[in-house]
Amino acid sequence: MASLGRVLSLLPLHVIGTFILAIGGVVGAVKAWKIERKRSIVMLVLIVSMIAFTFVI
């Protein structure tokens, strides 16, 4: 959704897609934290970098 908002030059769609990506990343990291902490930290770093690249590119 964030990529589609970027392609169509619709800022609200881009922001909504990024927000959904952030929520999914945080929930995934919390679930992974219970199983393996190292993997959850890596997942959280990847999600944060993906959000940063979404706004930069």
# chains A, B, ... in the order shown; residues from 1 in each chain; ligands from 1
>>> residues_around(residues="Ser40 of chain A", least_positions_apart="4", cutoff="10 Å", atoms="only C-alpha atoms", output="list in words")
Gly25, Val26, Gly28, Ala29, Val30, Lys31, Ala32, Trp33, Lys34, Ile35, Glu36, Leu44, Val45 and Leu46 of chain A
>>> write_last_selection(atoms="C-alpha atoms", output="compact mmCIF listing (two decimals), in the first residue's frame")
# COMPACT_ATOMS: atom_id res chain seq x y z
CA GLY A 25 6.65 -4.92 12.32
CA VAL A 26 6.10 -4.12 15.97
CA GLY A 28 5.95 -9.39 14.64
CA ALA A 29 8.89 -8.30 16.77
CA VAL A 30 6.89 -8.73 19.98
CA LYS A 31 5.81 -12.24 18.93
CA ALA A 32 9.37 -13.15 17.96
CA TRP A 33 10.66 -11.72 21.28
CA LYS A 34 8.90 -14.52 23.14
CA ILE A 35 10.62 -17.18 21.01
CA GLU A 36 14.04 -15.75 20.26
CA LEU A 44 12.75 -4.65 14.37
CA VAL A 45 15.88 -3.14 12.78
CA LEU A 46 14.78 -4.34 9.33
>>> atom_distance(atom1="atom CA of Lys38 of chain A", atom2="atom CA of Val15 of chain A")
29.0 Å
>>> atom_distance(atom1="atom CA of Val42 of chain A", atom2="atom CA of Leu13 of chain A")
27.2 Å
>>> atom_distance(atom1="atom CA of Pro12 of chain A", atom2="atom CA of Val48 of chain A")
19.6 Å
>>> closest_residue(among="A:Ser49, A:Thr54, A:Met43, A:His14", to="Val27 of chain A", atoms="only C-alpha atoms")
A:Met43
